[in-house]
Amino acid sequence: MTGLEFRDVSVRFGSGHAAVTAVDEVSLTVPAGTVVGLVGESGSGKSTLAKAAVGLVPTAGGEISLGGSALRTQRDRRRLQMVFQDPYSSLDPRMSIGESIAEALPGRRRRAARRAEVSRLLELVDLDAGRADQLPSGLSGGQRQRVALARALAAEPDVVLADEITSALDVSVQGSMLNLVRDLQRQLGLSMLFISHNLAVVRYVSDVIAVMYLGRIVEAGPAADVLARPHHPYTRTLLDAAPRLGSSLDDPVPADNPLLDDEPPSLQDPPSGCAFHRRCPIGPLVMADRDVCTESDPRAGSAERPHHAQCHFAGDHRSVEATAP
Ligand SMILES: Nc1ncnc2c1ncn2[C@@H]1O[C@H](COP(=O)(O)OP(=O)(O)OP(=O)(O)O)[C@@H](O)[C@H]1O
């Protein structure tokens, strides 16, 4: 079982002058039993990549496979379950939470068996089984998001795609949601693509971190490695901007810091060479070689190593800075 694999996947929206490549030849694997954190600014293409996997947007190229087989039909894609940011709109307000979860259970079951399974799932997400008959309106945002997660798990997915599942929650309950994700991963060996624009959140749950910028994965690797030795200047910028989480999540998750204070370039008119060169903090330090950053696309040089980055100076920044005048 190789997990979920994106190979050279592209997604385009619009046509003619208005065309944008929201996902640009992305390759990424979510190995079985692993949480892969996908981080990047708003508009970098994170949601679009996940939506392509579940068939909500069509791909313009590449292949998405699960366990080594290409996902082609909606039936194949049911092995993936997506949980969205907004727990208010993702549950039917007229259905009890028990009914919502039961609806996602595969196969036919007797009533008592369904109820038992719903109870098990509610308890799995730390909700009292006695709540099964409540309507979502009786629940807080954090509780609804737990129900949304239970509903996703009810479908017995191979991979859960969690898209900003803590962003709409009160800062004070984000920590317990992240703890739940971590517990579930340990308990069930869950495979997850965990999307957030907040690196402080991603670092808490992820085994692997992938960094997305302007439709591309610009760096990916084992989480500890990426955090300790970021190869790409964009990742370093995100790290500098991310408030640190302590070793325990008893404290609320720190509020978001703006990642960078300027806007990312337009997808309609992407920069030449390296897509990050106009904002790159090391650009001015490597003046002599700067043509390479403005003229040459670094992706051509990136290797398929466990920790890799699309930067002409990947891994060299510290020495570049040390030798800069
Ligand atoms: N249905 C669509 N039609 C046209 N453009 C779209 C569509 N969906 C997304 N886009 C564009 O694709 C780009 C990537 O958007 P996407 O939502 O995937 O980014 P993101 O990294 O998930 O950010 P956010 O957290 O803000 O959703 C953006 O420029 C967005 O405007």
# chains A, B, ... in the order shown; residues from 1 in each chain; ligands from 1
$ select_by_dssp --residues "segment 133-246 of chain A" --states "strand (DSSP E)" --output "PyMOL selection string"
chain A and resi 159-163+192-196+208-213+216-222
$ residues_around --residues "segment 121-131 of chain A" --least-positions-apart "2" --cutoff "9 Å" --atoms "only C-alpha atoms" --output "list in words"
Ser96, Ile97, Gly98, Ile101, Ala116, Glu117, Val118, Ser119, Asp133, Gln134, Leu135, Gln143, Arg146, Val147, Leu149, Ala150, Arg151, Leu153, Ala154, Leu180, Val181 and Leu184 of chain A
$ closest_residue --among "A:Arg182, A:Arg278, A:Lys51, A:Arg203" --to "ligand 1" --atoms "only C-alpha atoms and all ligand atoms"
A:Lys51
$ residues_around --residues "Pro306 of chain A" --least-positions-apart "3" --cutoff "8 Å" --atoms "only C-alpha atoms" --output "list in words"
Ala220, Gly221 and Pro222 of chain A
$ residues_near_ligand --ligand "ligand 1" --cutoff "7 Å" --atoms "only C-alpha atoms and all ligand atoms" --output "PyMOL selection string"
chain A and resi 13-14+22+40-49+197+267
$ closest_residue --among "A:Gly3, A:Pro31, A:Gly37, A:Pro264" --to "Tyr234 of chain A" --atoms "only C-alpha atoms"
A:Pro264
$ closest_atom_pairs --of "segment 134-252 of chain A" --to "segment 67-72 of chain A" --cutoff "12 Å" --atoms "only C-alpha atoms" --output "CSV"
residue,atom,partner,partner_atom,distance
A:Asp158,CA,A:Gly67,CA,9.0
A:Val159,CA,A:Gly67,CA,10.4
A:Ser191,CA,A:Gly67,CA,11.8
$ write_last_selection --atoms "N, CA and C atoms" --output "compact mmCIF listing (two decimals), in the first residue's frame"
# COMPACT_ATOMS: atom_id res chain seq x y z
N ASP A 158 -9.62 5.38 3.05
CA ASP A 158 -8.19 5.07 3.11
C ASP A 158 -7.39 6.32 3.48
N VAL A 159 -7.89 7.47 3.04
CA VAL A 159 -7.19 8.73 3.35
C VAL A 159 -8.23 9.81 3.66
N SER A 191 -4.36 7.82 7.59
CA SER A 191 -3.57 8.54 6.59
C SER A 191 -4.31 9.85 6.32
